[in-house]
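Visitor: Input structure: my_file-v6.pdb, which contains PDB, C-alpha atoms.
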```pdb
MODEL        1
ATOM      1  CA  MET A   1      63.325  70.287  54.440
ATOM      2  CA  THR A   2      63.799  68.590  51.106
ATOM      3  CA  ALA A   3      62.657  65.073  50.295
ATOM      4  CA  ILE A   4      64.301  63.219  47.464
ATOM      5  CA  VAL A   5      62.168  60.345  46.234
ATOM      6  CA  ASN A   6      63.663  57.756  43.908
ATOM      7  CA  VAL A   7      61.138  55.604  42.094
ATOM      8  CA  SER A   8      62.210  52.569  40.090
ATOM      9  CA  LEU A   9      60.716  49.355  38.768
ATOM     10  CA  LYS A  10      60.712  46.474  41.262
ATOM     11  CA  ALA A  11      63.495  43.894  41.059
ATOM     12  CA  GLY A  12      61.334  41.248  39.353
ATOM     13  CA  VAL A  13      59.879  43.637  36.761
ATOM     14  CA  LEU A  14      61.712  43.859  33.439
ATOM     15  CA  ASP A  15      63.127  47.354  32.946
ATOM     16  CA  SER A  16      63.200  47.757  29.167
ATOM     17  CA  GLN A  17      64.647  51.272  29.322
ATOM     18  CA  GLY A  18      67.451  50.012  31.549
ATOM     19  CA  LYS A  19      68.069  47.205  29.088
ATOM     20  CA  ALA A  20      68.258  49.637  26.158
ATOM     21  CA  VAL A  21      70.725  51.846  28.040
ATOM     22  CA  HIS A  22      72.795  48.752  28.871
ATOM     23  CA  HIS A  23      72.945  47.859  25.157
ATOM     24  CA  ALA A  24      73.986  51.425  24.324
ATOM     25  CA  LEU A  25      76.763  51.321  26.930
ATOM     26  CA  ASP A  26      77.937  47.975  25.514
ATOM     27  CA  SER A  27      78.087  49.376  22.020
ATOM     28  CA  LEU A  28      80.179  52.294  23.331
ATOM     29  CA  HIS A  29      82.584  49.654  24.767
ATOM     30  CA  PHE A  30      81.809  50.357  28.443
ATOM     31  CA  SER A  31      82.219  46.703  29.256
ATOM     32  CA  GLY A  32      82.187  46.754  33.064
ATOM     33  CA  VAL A  33      78.424  47.282  33.487
ATOM     34  CA  GLU A  34      76.530  44.323  34.911
ATOM     35  CA  ASP A  35      73.021  45.758  35.000
ATOM     36  CA  VAL A  36      71.228  49.067  34.390
ATOM     37  CA  ARG A  37      68.011  50.253  36.017
ATOM     38  CA  VAL A  38      66.363  53.501  34.955
ATOM     39  CA  GLY A  39      64.158  55.286  37.464
ATOM     40  CA  LYS A  40      62.955  58.764  38.207
ATOM     41  CA  GLN A  41      63.759  61.241  40.907
ATOM     42  CA  ILE A  42      61.120  63.503  42.447
ATOM     43  CA  VAL A  43      62.359  66.371  44.632
ATOM     44  CA  LEU A  44      59.878  67.838  47.120
ATOM     45  CA  LYS A  45      60.458  71.017  49.080
ATOM     46  CA  LEU A  46      58.570  70.593  52.330
ATOM     47  CA  THR A  47      57.355  73.066  54.915
ATOM     48  CA  GLU A  48      57.557  70.355  57.604
ATOM     49  CA  THR A  49      60.653  70.620  59.797
ATOM     50  CA  ASP A  50      60.205  67.431  61.821
ATOM     51  CA  LYS A  51      61.974  64.536  60.094
ATOM     52  CA  GLU A  52      59.734  61.788  61.405
ATOM     53  CA  LYS A  53      56.543  63.587  60.435
ATOM     54  CA  ALA A  54      57.989  64.405  57.030
ATOM     55  CA  MET A  55      58.859  60.739  56.487
ATOM     56  CA  VAL A  56      55.309  59.652  57.370
ATOM     57  CA  GLU A  57      53.827  62.258  55.028
ATOM     58  CA  VAL A  58      56.127  61.515  52.069
ATOM     59  CA  THR A  59      55.608  57.764  52.508
ATOM     60  CA  LYS A  60      51.868  58.413  52.193
ATOM     61  CA  MET A  61      52.484  60.460  49.030
ATOM     62  CA  CYS A  62      54.523  57.602  47.561
ATOM     63  CA  GLU A  63      51.885  54.992  48.348
ATOM     64  CA  GLU A  64      49.040  57.119  46.981
ATOM     65  CA  ILE A  65      50.480  58.705  43.862
ATOM     66  CA  LEU A  66      54.259  59.059  43.439
ATOM     67  CA  ALA A  67      54.815  55.335  42.894
ATOM     68  CA  ASN A  68      52.598  52.581  41.528
ATOM     69  CA  THR A  69      53.439  49.865  44.028
ATOM     70  CA  VAL A  70      52.175  47.151  41.686
ATOM     71  CA  ILE A  71      55.335  47.633  39.611
ATOM     72  CA  GLU A  72      57.496  50.204  41.397
ATOM     73  CA  ASP A  73      59.592  50.587  44.565
ATOM     74  CA  TYR A  74      60.478  53.922  46.127
ATOM     75  CA  LYS A  75      63.232  55.237  48.386
ATOM     76  CA  ILE A  76      62.921  58.445  50.363
ATOM     77  CA  GLU A  77      65.855  60.583  51.456
ATOM     78  CA  LEU A  78      65.337  63.641  53.666
ATOM     79  CA  ILE A  79      67.882  66.452  53.743
TER      80      ILE A  79
ATOM     81  CA  MET B  80      20.324  53.289  26.553
ATOM     82  CA  LYS B  81      22.720  55.895  27.889
ATOM     83  CA  VAL B  82      26.478  55.617  27.476
ATOM     84  CA  THR B  83      28.448  58.120  29.526
ATOM     85  CA  ILE B  84      31.957  58.944  28.309
ATOM     86  CA  LEU B  85      34.537  60.573  30.584
ATOM     87  CA  GLN B  86      36.716  63.411  29.379
ATOM     88  CA  PHE B  87      39.927  64.416  31.149
ATOM     89  CA  PRO B  88      42.356  67.103  30.009
ATOM     90  CA  GLY B  89      44.265  65.206  27.289
ATOM     91  CA  THR B  90      41.543  62.663  26.449
ATOM     92  CA  ASN B  91      41.304  62.426  22.649
ATOM     93  CA  CYS B  92      39.098  59.426  21.833
ATOM     94  CA  GLU B  93      35.863  60.661  23.406
ATOM     95  CA  TYR B  94      34.284  61.737  20.092
ATOM     96  CA  ASP B  95      35.267  58.520  18.279
ATOM     97  CA  THR B  96      33.758  56.576  21.159
ATOM     98  CA  GLN B  97      30.628  58.720  21.090
ATOM     99  CA  HIS B  98      30.274  58.231  17.325
ATOM    100  CA  ALA B  99      30.740  54.460  17.644
ATOM    101  CA  PHE B 100      28.060  54.035  20.318
ATOM    102  CA  GLU B 101      25.613  56.394  18.583
ATOM    103  CA  GLU B 102      26.003  54.399  15.357
ATOM    104  CA  LEU B 103      24.886  51.393  17.418
ATOM    105  CA  GLY B 104      21.791  53.245  18.596
ATOM    106  CA  ALA B 105      22.836  54.404  22.064
ATOM    107  CA  THR B 106      22.406  57.910  23.432
ATOM    108  CA  THR B 107      25.625  59.361  24.774
ATOM    109  CA  GLU B 108      26.850  62.069  27.068
ATOM    110  CA  ILE B 109      30.396  63.311  27.485
ATOM    111  CA  VAL B 110      31.157  64.206  31.106
ATOM    112  CA  TRP B 111      34.028  66.519  32.079
ATOM    113  CA  HIS B 112      36.310  65.118  34.794
ATOM    114  CA  LYS B 113      35.474  67.949  37.234
ATOM    115  CA  SER B 114      31.933  66.671  37.605
ATOM    116  CA  GLU B 115      31.357  64.962  40.940
ATOM    117  CA  THR B 116      28.454  62.922  39.644
ATOM    118  CA  ILE B 117      27.638  60.857  36.589
ATOM    119  CA  PRO B 118      24.204  60.890  34.910
ATOM    120  CA  ALA B 119      21.752  58.749  36.896
ATOM    121  CA  ASP B 120      20.513  56.921  33.780
ATOM    122  CA  THR B 121      24.040  55.753  32.806
ATOM    123  CA  LYS B 122      23.991  52.124  31.661
ATOM    124  CA  LEU B 123      27.650  52.035  30.613
ATOM    125  CA  LEU B 124      30.481  54.305  31.652
ATOM    126  CA  VAL B 125      33.423  54.561  29.262
ATOM    127  CA  VAL B 126      36.836  55.902  30.201
ATOM    128  CA  ALA B 127      38.005  56.886  26.730
ATOM    129  CA  GLY B 128      41.518  56.797  25.303
ATOM    130  CA  GLY B 129      44.042  59.582  24.993
ATOM    131  CA  PHE B 130      46.735  61.066  27.175
ATOM    132  CA  SER B 131      45.044  62.283  30.342
ATOM    133  CA  TYR B 132      47.248  64.891  32.036
ATOM    134  CA  GLY B 133      49.871  64.392  29.341
ATOM    135  CA  ASP B 134      50.747  60.978  30.831
ATOM    136  CA  TYR B 135      52.729  62.938  33.450
ATOM    137  CA  LEU B 136      54.222  60.894  36.296
ATOM    138  CA  ARG B 137      52.682  57.689  34.872
ATOM    139  CA  SER B 138      49.880  57.093  32.377
ATOM    140  CA  GLY B 139      46.602  57.492  34.249
ATOM    141  CA  ALA B 140      48.277  58.323  37.577
ATOM    142  CA  ILE B 141      46.935  61.851  37.934
ATOM    143  CA  ALA B 142      43.532  61.220  36.350
ATOM    144  CA  LYS B 143      42.680  58.797  39.141
ATOM    145  CA  PHE B 144      42.378  61.788  41.508
ATOM    146  CA  SER B 145      39.984  63.761  39.321
ATOM    147  CA  PRO B 146      36.721  64.611  41.109
ATOM    148  CA  VAL B 147      34.672  62.319  38.841
ATOM    149  CA  MET B 148      36.681  59.220  39.823
ATOM    150  CA  LYS B 149      34.964  58.912  43.207
ATOM    151  CA  ALA B 150      31.648  58.629  41.396
ATOM    152  CA  VAL B 151      33.205  56.100  39.001
ATOM    153  CA  ALA B 152      34.411  53.907  41.880
ATOM    154  CA  GLU B 153      31.019  54.100  43.541
ATOM    155  CA  TYR B 154      29.255  53.270  40.269
ATOM    156  CA  ALA B 155      31.580  50.297  39.642
ATOM    157  CA  ASN B 156      31.314  49.006  43.212
ATOM    158  CA  ASN B 157      27.520  49.051  42.901
ATOM    159  CA  GLY B 158      27.765  46.789  39.858
ATOM    160  CA  GLY B 159      27.665  49.505  37.176
ATOM    161  CA  LYS B 160      29.334  48.590  33.892
ATOM    162  CA  VAL B 161      32.615  50.359  33.173
ATOM    163  CA  LEU B 162      34.812  50.071  30.072
ATOM    164  CA  GLY B 163      38.318  51.550  29.905
ATOM    165  CA  ILE B 164      39.912  51.800  26.489
ATOM    166  CA  CYS B 165      43.676  52.388  26.164
ATOM    167  CA  ASN B 166      44.376  55.336  28.495
ATOM    168  CA  GLY B 167      41.067  54.458  30.149
ATOM    169  CA  PHE B 168      42.482  50.990  30.939
ATOM    170  CA  GLN B 169      45.554  52.662  32.450
ATOM    171  CA  VAL B 170      43.346  54.956  34.550
ATOM    172  CA  LEU B 171      41.286  52.010  35.830
ATOM    173  CA  THR B 172      44.386  50.020  36.863
ATOM    174  CA  GLU B 173      45.860  53.097  38.573
ATOM    175  CA  ALA B 174      42.558  53.605  40.388
ATOM    176  CA  GLY B 175      42.631  49.990  41.576
ATOM    177  CA  LEU B 176      39.394  49.099  39.771
ATOM    178  CA  LEU B 177      41.267  46.585  37.598
ATOM    179  CA  PRO B 178      44.216  44.376  38.604
ATOM    180  CA  GLY B 179      47.774  44.848  37.294
ATOM    181  CA  ALA B 180      49.546  47.816  35.734
ATOM    182  CA  LEU B 181      50.618  49.035  32.293
ATOM    183  CA  LYS B 182      54.267  49.863  31.757
ATOM    184  CA  ARG B 183      56.402  51.089  28.860
ATOM    185  CA  ASN B 184      56.336  48.834  25.762
ATOM    186  CA  ASP B 185      59.324  46.476  25.754
ATOM    187  CA  GLY B 186      60.520  47.855  22.414
ATOM    188  CA  LEU B 187      60.254  51.392  23.873
ATOM    189  CA  HIS B 188      58.431  52.597  20.752
ATOM    190  CA  PHE B 189      54.905  53.946  20.456
ATOM    191  CA  ILE B 190      53.035  51.279  18.465
ATOM    192  CA  SER B 191      50.182  52.332  16.182
ATOM    193  CA  LYS B 192      48.769  49.650  13.870
ATOM    194  CA  HIS B 193      46.052  47.080  13.383
ATOM    195  CA  HIS B 194      46.664  43.971  15.462
ATOM    196  CA  THR B 195      44.851  40.671  15.693
ATOM    197  CA  LEU B 196      43.561  39.571  19.081
ATOM    198  CA  LYS B 197      42.317  36.223  20.339
ATOM    199  CA  VAL B 198      39.191  35.997  22.464
ATOM    200  CA  GLU B 199      40.212  34.115  25.620
ATOM    201  CA  ASN B 200      36.936  34.209  27.549
ATOM    202  CA  ASN B 201      33.423  35.195  26.540
ATOM    203  CA  ASP B 202      31.479  34.544  29.727
ATOM    204  CA  ASN B 203      31.040  38.293  30.154
ATOM    205  CA  ILE B 204      28.823  40.951  28.547
ATOM    206  CA  PHE B 205      31.710  42.563  26.662
ATOM    207  CA  LEU B 206      32.612  39.523  24.561
ATOM    208  CA  GLU B 207      29.482  37.380  24.736
ATOM    209  CA  LYS B 208      28.731  38.011  21.036
ATOM    210  CA  LEU B 209      32.054  36.410  20.130
ATOM    211  CA  ASN B 210      33.273  32.847  20.559
ATOM    212  CA  LYS B 211      36.224  31.689  22.591
ATOM    213  CA  GLY B 212      39.182  31.403  20.207
ATOM    214  CA  ASP B 213      37.790  33.935  17.714
ATOM    215  CA  VAL B 214      40.409  36.246  16.214
ATOM    216  CA  VAL B 215      39.462  39.903  15.787
ATOM    217  CA  ASN B 216      41.301  42.737  14.066
ATOM    218  CA  ILE B 217      41.448  45.871  16.235
ATOM    219  CA  PRO B 218      43.827  48.871  16.086
ATOM    220  CA  ILE B 219      46.324  49.464  18.882
ATOM    221  CA  ALA B 220      47.956  52.841  19.593
ATOM    222  CA  HIS B 221      49.998  53.033  22.776
ATOM    223  CA  HIS B 222      53.370  53.666  24.367
ATOM    224  CA  ASP B 223      52.576  52.144  27.749
ATOM    225  CA  GLY B 224      50.643  48.996  26.877
ATOM    226  CA  ASN B 225      52.912  46.426  28.462
ATOM    227  CA  TYR B 226      50.570  44.669  30.901
ATOM    228  CA  PHE B 227      52.172  43.499  34.118
ATOM    229  CA  ILE B 228      50.764  41.466  36.964
ATOM    230  CA  ASP B 229      52.634  39.351  39.530
ATOM    231  CA  PRO B 230      52.429  35.512  39.332
ATOM    232  CA  ASP B 231      49.821  35.247  42.110
ATOM    233  CA  GLY B 232      47.652  37.899  40.463
ATOM    234  CA  LEU B 233      47.994  36.120  37.130
ATOM    235  CA  LYS B 234      46.840  32.823  38.639
ATOM    236  CA  GLU B 235      43.789  34.570  40.003
ATOM    237  CA  LEU B 236      43.010  36.111  36.589
ATOM    238  CA  TYR B 237      43.026  32.670  34.995
ATOM    239  CA  ALA B 238      41.049  31.061  37.812
ATOM    240  CA  ASN B 239      38.211  33.581  37.343
ATOM    241  CA  ASN B 240      38.276  33.819  33.522
ATOM    242  CA  GLN B 241      39.345  37.464  33.787
ATOM    243  CA  VAL B 242      41.707  37.417  30.798
ATOM    244  CA  LEU B 243      39.564  38.793  27.970
ATOM    245  CA  LEU B 244      41.878  39.131  24.986
ATOM    246  CA  THR B 245      45.470  38.342  24.050
ATOM    247  CA  TYR B 246      47.601  39.685  21.195
ATOM    248  CA  SER B 247      47.903  36.987  18.545
ATOM    249  CA  ASP B 248      48.638  36.400  14.889
ATOM    250  CA  GLU B 249      45.835  35.812  12.387
ATOM    251  CA  GLU B 250      45.698  32.117  13.308
ATOM    252  CA  GLY B 251      45.339  32.851  17.014
ATOM    253  CA  SER B 252      48.908  31.932  18.013
ATOM    254  CA  VAL B 253      50.687  34.227  20.457
ATOM    255  CA  GLN B 254      52.223  37.321  18.881
ATOM    256  CA  ASN B 255      53.230  39.822  21.513
ATOM    257  CA  PRO B 256      53.828  43.406  20.299
ATOM    258  CA  ASN B 257      54.669  45.084  23.609
ATOM    259  CA  GLY B 258      55.958  42.559  26.145
ATOM    260  CA  SER B 259      52.694  42.111  28.072
ATOM    261  CA  VAL B 260      52.633  39.210  30.545
ATOM    262  CA  ASP B 261      51.171  36.218  28.639
ATOM    263  CA  SER B 262      50.461  38.615  25.756
ATOM    264  CA  ILE B 263      47.436  39.989  27.631
ATOM    265  CA  ALA B 264      45.589  42.823  25.841
ATOM    266  CA  GLY B 265      42.529  43.165  28.078
ATOM    267  CA  VAL B 266      41.174  42.021  31.437
ATOM    268  CA  CYS B 267      38.104  42.448  33.601
ATOM    269  CA  ASN B 268      37.530  42.531  37.353
ATOM    270  CA  LYS B 269      36.345  39.554  39.362
ATOM    271  CA  ASN B 270      32.696  40.652  39.251
ATOM    272  CA  LYS B 271      32.904  41.054  35.457
ATOM    273  CA  ASN B 272      31.450  44.557  35.379
ATOM    274  CA  VAL B 273      34.689  46.512  34.893
ATOM    275  CA  PHE B 274      36.553  45.947  31.628
ATOM    276  CA  GLY B 275      39.835  47.313  30.310
ATOM    277  CA  LEU B 276      41.789  46.823  27.113
ATOM    278  CA  MET B 277      44.623  48.596  25.297
ATOM    279  CA  PRO B 278      43.250  48.085  21.730
ATOM    280  CA  HIS B 279      40.602  50.468  20.365
ATOM    281  CA  PRO B 280      37.324  48.707  19.401
ATOM    282  CA  GLU B 281      35.743  52.135  18.729
ATOM    283  CA  ARG B 282      38.203  52.513  15.836
ATOM    284  CA  ALA B 283      37.078  49.254  14.239
ATOM    285  CA  MET B 284      33.447  50.025  13.395
ATOM    286  CA  GLU B 285      33.447  50.075   9.573
ATOM    287  CA  ALA B 286      35.020  47.600   7.158
ATOM    288  CA  ILE B 287      35.920  50.435   4.781
ATOM    289  CA  LEU B 288      38.177  51.833   7.516
ATOM    290  CA  GLY B 289      40.058  48.577   7.989
ATOM    291  CA  SER B 290      37.851  46.484  10.265
ATOM    292  CA  ASP B 291      34.394  46.325  11.781
ATOM    293  CA  ASP B 292      35.279  43.736  14.418
ATOM    294  CA  GLY B 293      34.721  46.326  17.151
ATOM    295  CA  VAL B 294      30.953  46.306  16.475
ATOM    296  CA  LYS B 295      30.391  42.896  18.071
ATOM    297  CA  MET B 296      32.359  43.949  21.145
ATOM    298  CA  LEU B 297      30.585  47.233  21.818
ATOM    299  CA  GLU B 298      27.187  45.724  20.934
ATOM    300  CA  GLY B 299      27.564  43.335  23.872
ATOM    301  CA  PHE B 300      27.075  46.259  26.242
ATOM    302  CA  LEU B 301      23.973  47.516  24.472
ATOM    303  CA  ALA B 302      22.186  44.161  24.467
ATOM    304  CA  SER B 303      22.304  43.753  28.221
TER     305      SER B 303
ENDMDL
END
```
Give the structure from the file, written as structure tokens.

Guide:
Amino acid sequence: MTAIVNVSLKAGVLDSQGKAVHHALDSLHFSGVEDVRVGKQIVLKLTETDKEKAMVEVTKMCEEILANTVIEDYKIELI
Amino acid sequence: MKVTILQFPGTNCEYDTQHAFEELGATTEIVWHKSETIPADTKLLVVAGGFSYGDYLRSGAIAKFSPVMKAVAEYANNGGKVLGICNGFQVLTEAGLLPGALKRNDGLHFISKHHTLKVENNDNIFLEKLNKGDVVNIPIAHHDGNYFIDPDGLKELYANNQVLLTYSDEEGSVQNPNGSVDSIAGVCNKNKNVFGLMPHPERAMEAILGSDDGVKMLEGFLAS
């Protein structure tokens, strides 16, 4: 099974990289962009085949190391 | 007095830190991160600056799982004095020994220059040789120095005098180089035995090299 983890700054935390990308898009005349958030994607190949167990395990990984929950949120997708 | 300095793969300020403390009369020992213990006679433990684990994932995120960090947490929880400088500050926040987190500078650039700082609180051993409101000149060199803490956490910092230093101009007015919440450059824990700051006092030890304002800061640890 593969876990795709998306980590991004929490809604209330200023994302300066997102802001810079937004400015760049503006200057390229892509005017329809309301907001930009930049995050990172971590792809994990798992030996676990049970989805529920995998979710529990990856959630633990996110809480302990993959995300810093003081400033970041994470989303896990299993495929 | 023994100052123990931690060294991770990618740490690069351990020898500057060692030199600074030895100039002040301390004995020092550099301890590799694989060690599971720290010297028993340690009076101050310094997590030195640099780029532990290449800042991979997040600054300080991987270092917090090094074998030595269990001993660091135990030492700190027993009241031992710990100082994290720059990357060391990031490691201590990641490890949960200090509140808040350090994120990318608002301007996205690595900043390396002398900066003036205002002393916000001196009821702690780190800054007791300085006065509240004093302005010191200390170099900064970081990419991820943008201090963040949520509003509740910030209230708690103020309530316990945990804000140590803020970035300021030469007169002591706010001048924020990296977007830190309330221009915060350094904080301590509630018990005032764990200290962290982004600026480098160990690089401000001789006037001929730009500033010797770091002497009074590091001396605070040696007096106690």

Visitor: What does the distance between atom CA of Pro280 of chain B and atom CA of Leu171 of chain B come to in Å, to one decimal place?

Guide: 17.2 Å

Visitor: Could you please determine the separation between atom CA of Val266 of chain B and atom CA of Ile84 of chain B in Å, to one decimal place?

Guide: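 Going from atom CA of Val266 of chain B over to atom CA of Ile84 of chain B covers 19.5 Å.
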
Visitor: Excluding Thr2 of chain A and residues on its chain fewer than 3 positions from it, collect all residues at most 8 Å away from it, counting all atoms listed in the file, and give them as a PyMOL selection string.

Guide: chain A and resi 43-46+78-79

Visitor: I need the output of the PyMOL selection byres ((chain A and resi 56-58) around 12) for this file as a PyMOL selection string; which residues are they?

Guide: chain A and resi 1-6+42-55+59-67+74-78

Visitor: Using all atoms listed in the file and a distance of at most 12 Å, pull out the residues of chain B that contact chain A, as a PyMOL selection string.

Guide: chain B and resi 135-144+169-170+172-175+177-188+223+225-230+232+257-260

Visitor: Since we have the selection now, will you write its residues out, keeping C-alpha atoms, as a PDB file, in the coordinates of the input?

Guide:
```
ATOM      1  CA  TYR B 135      52.729  62.938  33.450  1.00  0.00           C
ATOM      2  CA  LEU B 136      54.222  60.894  36.296  1.00  0.00           C
ATOM      3  CA  ARG B 137      52.682  57.689  34.872  1.00  0.00           C
ATOM      4  CA  SER B 138      49.880  57.093  32.377  1.00  0.00           C
ATOM      5  CA  GLY B 139      46.602  57.492  34.249  1.00  0.00           C
ATOM      6  CA  ALA B 140      48.277  58.323  37.577  1.00  0.00           C
ATOM      7  CA  ILE B 141      46.935  61.851  37.934  1.00  0.00           C
ATOM      8  CA  ALA B 142      43.532  61.220  36.350  1.00  0.00           C
ATOM      9  CA  LYS B 143      42.680  58.797  39.141  1.00  0.00           C
ATOM     10  CA  PHE B 144      42.378  61.788  41.508  1.00  0.00           C
ATOM     11  CA  GLN B 169      45.554  52.662  32.450  1.00  0.00           C
ATOM     12  CA  VAL B 170      43.346  54.956  34.550  1.00  0.00           C
ATOM     13  CA  THR B 172      44.386  50.020  36.863  1.00  0.00           C
ATOM     14  CA  GLU B 173      45.860  53.097  38.573  1.00  0.00           C
ATOM     15  CA  ALA B 174      42.558  53.605  40.388  1.00  0.00           C
ATOM     16  CA  GLY B 175      42.631  49.990  41.576  1.00  0.00           C
ATOM     17  CA  LEU B 177      41.267  46.585  37.598  1.00  0.00           C
ATOM     18  CA  PRO B 178      44.216  44.376  38.604  1.00  0.00           C
ATOM     19  CA  GLY B 179      47.774  44.848  37.294  1.00  0.00           C
ATOM     20  CA  ALA B 180      49.546  47.816  35.734  1.00  0.00           C
ATOM     21  CA  LEU B 181      50.618  49.035  32.293  1.00  0.00           C
ATOM     22  CA  LYS B 182      54.267  49.863  31.757  1.00  0.00           C
ATOM     23  CA  ARG B 183      56.402  51.089  28.860  1.00  0.00           C
ATOM     24  CA  ASN B 184      56.336  48.834  25.762  1.00  0.00           C
ATOM     25  CA  ASP B 185      59.324  46.476  25.754  1.00  0.00           C
ATOM     26  CA  GLY B 186      60.520  47.855  22.414  1.00  0.00           C
ATOM     27  CA  LEU B 187      60.254  51.392  23.873  1.00  0.00           C
ATOM     28  CA  HIS B 188      58.431  52.597  20.752  1.00  0.00           C
ATOM     29  CA  ASP B 223      52.576  52.144  27.749  1.00  0.00           C
ATOM     30  CA  ASN B 225      52.912  46.426  28.462  1.00  0.00           C
ATOM     31  CA  TYR B 226      50.570  44.669  30.901  1.00  0.00           C
ATOM     32  CA  PHE B 227      52.172  43.499  34.118  1.00  0.00           C
ATOM     33  CA  ILE B 228      50.764  41.466  36.964  1.00  0.00           C
ATOM     34  CA  ASP B 229      52.634  39.351  39.530  1.00  0.00           C
ATOM     35  CA  PRO B 230      52.429  35.512  39.332  1.00  0.00           C
ATOM     36  CA  GLY B 232      47.652  37.899  40.463  1.00  0.00           C
ATOM     37  CA  ASN B 257      54.669  45.084  23.609  1.00  0.00           C
ATOM     38  CA  GLY B 258      55.958  42.559  26.145  1.00  0.00           C
ATOM     39  CA  SER B 259      52.694  42.111  28.072  1.00  0.00           C
ATOM     40  CA  VAL B 260      52.633  39.210  30.545  1.00  0.00           C
TER      41      VAL B 260
END
```

Visitor: Quick one: pull the distance between atom CA of Ala302 of chain B and atom CA of Phe100 of chain B, Å, one decimal.

Guide: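 Separating atom CA of Ala302 of chain B from atom CA of Phe100 of chain B is a distance of 12.2 Å.
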
Visitor: I want to know what sits within 7 Å of Thr121 of chain B, based on only C-alpha atoms, with residues of the same chain fewer than 5 positions away left out; could you give that as a list of chain:residue names?

Guide: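 Result of the neighbour search: B:Lys81, B:Val82, B:Thr83.
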
Visitor: Restricting the calculation to only C-alpha atoms: of B:Ala283, B:Val151, B:Ala238, B:Leu85, which residue gets closest to Ser131 of chain B?

Guide: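 Checking each of B:Ala283, B:Val151, B:Ala238, B:Leu85 against Ser131 of chain B, counting only C-alpha atoms, the winner is B:Leu85.
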